[in-house]
Structure formats: structure tokens, C-alpha cells
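J.: Here it is, the structure in full.
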Amino acid sequence: MKQRFPLNWRVMSAASAVLLAVMALLTVAGGPAFAVQAQGGYLPTNSITVSGSGLASGSPDVAYINLGVDSVNASVSQAVAQANQTMAAIMQALTALGAAAEDVQTVSFNVYPEDRYDPQTNMPTGERVYRVNNMLNVTVRDINRVSEVIQAGLDAGATSINSLTFGIANTTDLEQEARLKAVEDARARAERLAAAMGVTLGQPVIISEGMAGGAVPQMFAAMGYGGGGVQIAPGQLNVSVQVNVTFAIGG
């Protein structure tokens with residue numbers, strides 16, 4: 001007959017096994033090999049841990065434009081029809097400029113009533129109209145045509161340009177440049193810290209990388225595209241990388 005043990009005995013046995021495993025890790029070469037961090041992890045003793053950061057800059061090669069149209073009419077169906085007609089003209093203009101279908105995306109379509117008020121008495125007049133708002137996100141992969149795309153949208157009937165942001169399609173090279181700078185920064189910090197403590201810096205024993213930050217605006221140049229069209233300043237974008245490095249302390 002299989003013997004059954006109380007639940008609390010099994011829990012204590014599991015806890016004891018974990019404790020024994022931890023004690024085995026802590027006992028190396030006659031002494032503790034790890035020191036407990038305040039955050040709960042383990043770091044080698046006789047070590048220095050630092051963080052390093054690196055930044056790399058590059059010119060944007062893609063732009064994202066959010067534009068749209070507002071239509072107002074006493075008839076909701078007429079308001080929708082007007083918005084659809086204008087949006088069709090905008091899409092046709094974008095297609096004529098070479099925008100691919102996958103680079104034009106409807107991101108919002110809203111219909112809502114608006115009650116009119118007397119401007120002098122601020123009392124409702126009893127008149128109600130309907131507003132239709134239709135917004136597009138347009139990805140422009142030729143940075144030199146950003147102004148042209150915006151102007152084409154406005155000429156086709158767009159009533160709002162809500163946002164214009166720039167990006168870098170492939171940040172791999174910039175991330176690697178920032179990564180090398182972050183490692184160099186971490187080593188320099190560790191060397192200064194070791195010198196201040198009067199010890200010798202050894203080899204890195206633990207290296208981890210934080211999340212890279214991309215497409216952070218750095219500066220904007222005074223330049224425009226498309227002749228007399230909308231003035232655009234793409235500037236520069238930053239990619240950042242952070243590393244955490246633990247160095248052994250040499251003899």
C-alpha cells in the first residue's frame with residue numbers, strides 16, 4: 001500500500017531540497033562564492049558591477065503621416081458620403097505619388113452628432129448636425145517626398161494633419177554602434193571605480209543588455225522639401241543601448 005504524506009510534510013521537503021541546493025552553490029572552494037544582491041539575485045564576490053550607455057545617431061529614412069478629413073452635414077448619410085468622396089480623392093492622390101496599398105491604412109472612422117448653440121445666449125437652437133472624421137496613416141519610404149505627400153493630401157481635400165514622425169527602417173547597424181559605445185562606457189566606469197577603491201579590474205564575468213531605445217529625435221535641420229511646399233525638418237534620430245557588466249576584481 002502506497003504511503004501518503006501530509007501536504008505540509010511534502011512542502012517542507014521541497015523547501016529543504018531548495019535550501020540544500022542553495023547551500024551547495026554557496027559553498028565553493030571552502031567559502032561562499034556568491035553574494036546576495038539587495039534585489040534578490042546573486043553576484044560573484046570580489047566584483048564590481050556597473051552600467052554603461054551608448055548612443056548612435058542616424059538620418060531618418062521613413063516618415064509616418066497621420067492625415068484625415070472632417071465632414072459636417074445635417075444628414076448623417078450625406079456627411080458620410082462627403083467624407084468618403086474626399087477620402088477617395090486623397091487615396092487616389094497618394095496612389096498617383098506611388099504610395100503602396102500596404103503603406104496606407106485607415107486608423108479611425110468616427111460619426112457623432114453635434115447640437116448647435118446660440119453664440120449669444122449659449123442656448124441650444126434645436127439644430128443638430130453630424131460630423132464624420134476619417135483618418136489615415138501613411139508611410140512614406142522616400143524621405144525626400146514627405147512634403148509632396150502632405151501637399152497632395154491637402155490639395156485632395158484633407159482637413160487635418162494630426163502628426164508627422166520620422167523613423168529608421170533598420171536600426172541594426174546603429175544598435176551595434178551604440179552597443180560598442182555602451183560596453184566601452186561600462187569598462188571606463190569600472191576602471192575609474194576600481195582606481196578609486198585601490199583595486200585591479202579583472203575580466204568581465206556577467207554581461208547583460210537592457211532594452212534599446214530607438215527613434216528619439218535629436219535635432220532638426222532647417223531644410224524643406226518639394227520647392228514651395230510644406231517645410232519639413234527630418235533632423236536626426238538616436239538609438240540607445242544600455243549594458244550591465246560585472247567585472248571580477250583582480251589580485
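For the C-alpha cells, the naming scheme is as follows: chains receive sequential letters (A, B, ...) according to their order of presentation, residues are indexed from 1 within each chain, and ligands are indexed from 1 in presentation order.
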Go through range 101-145 of chain A and flag each residue having an atom no more than 12 Å from range 169-176 of chain A; for those, report the closest pair of atoms plus their distance in Å to one decimal, using only C-alpha atoms, ordered by chain and rising number, as CSV.

T.:
residue,atom,partner,partner_atom,distance
A:Thr139,CA,A:Ala169,CA,10.9
A:Val140,CA,A:Ala169,CA,11.0
A:Arg141,CA,A:Ala169,CA,8.8
A:Asp142,CA,A:Ala169,CA,11.3
A:Ile143,CA,A:Ala169,CA,11.4

J.: Write out as a count of residues only all residues of range 133-223 of chain A that backbone DSSP assigns to strand (DSSP E or B).

T.: 33

J.: Which residues, written as number ranges by chain, have at least one atom at most 12 Å from range 145-148 of chain A, with only C-alpha atoms counted and residues fewer than 5 positions away on the same chain left out?

T.: A: 60-66, 93-94, 96-99, 138-140, 153-155, 161, 164-166, 223-234

J.: Per DSSP on the backbone, filter range 49-226 of chain A down to the residues in helix (DSSP H, G or I) and report them as a count of residues only.

T.: 63

J.: Do you know which residues are at most 12 Å from range 200-211 of chain A counting only C-alpha atoms, after dropping those on the same chain fewer than 5 positions away, and could you put them as a PyMOL selection string?

T.: chain A and resi 42-54+175-176+178-180+182-183+186-195+239-251

J.: Need the shell around Thr106 in chain A: protein/DNA/RNA residues with any atom at most 8 Å away, counting only C-alpha atoms. Skip same-chain ones fewer than 2 positions apart. Format as a VMD selection string?

T.: chain A and resid 104 108 to 109 134 to 137

J.: In Å, how far is it from CA of Gln151 in chain A to CA of Leu67 in chain A?

T.: 11.0 Å

J.: For Gln78 in chain A, list every protein, DNA or RNA residue within 12 Å, evaluated using only C-alpha atoms, and leave out those in the same chain fewer than 5 positions away; present the list as JSON, numbers by chain.

T.: {"A": [71, 72, 73, 83, 84, 85, 111, 129, 130, 131, 132]}

J.: One decimal, Å: what's the distance from CA of Ala101 in chain A over to CA of Ala89 in chain A, could you say?

T.: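 Value for the CA of Ala101 in chain A-CA of Ala89 in chain A distance: 14.7 Å.
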
J.: If I take CA of Ala152 in chain A and CA of Thr95 in chain A, how far is one from the other in Å, to one decimal?

T.: 10.4 Å
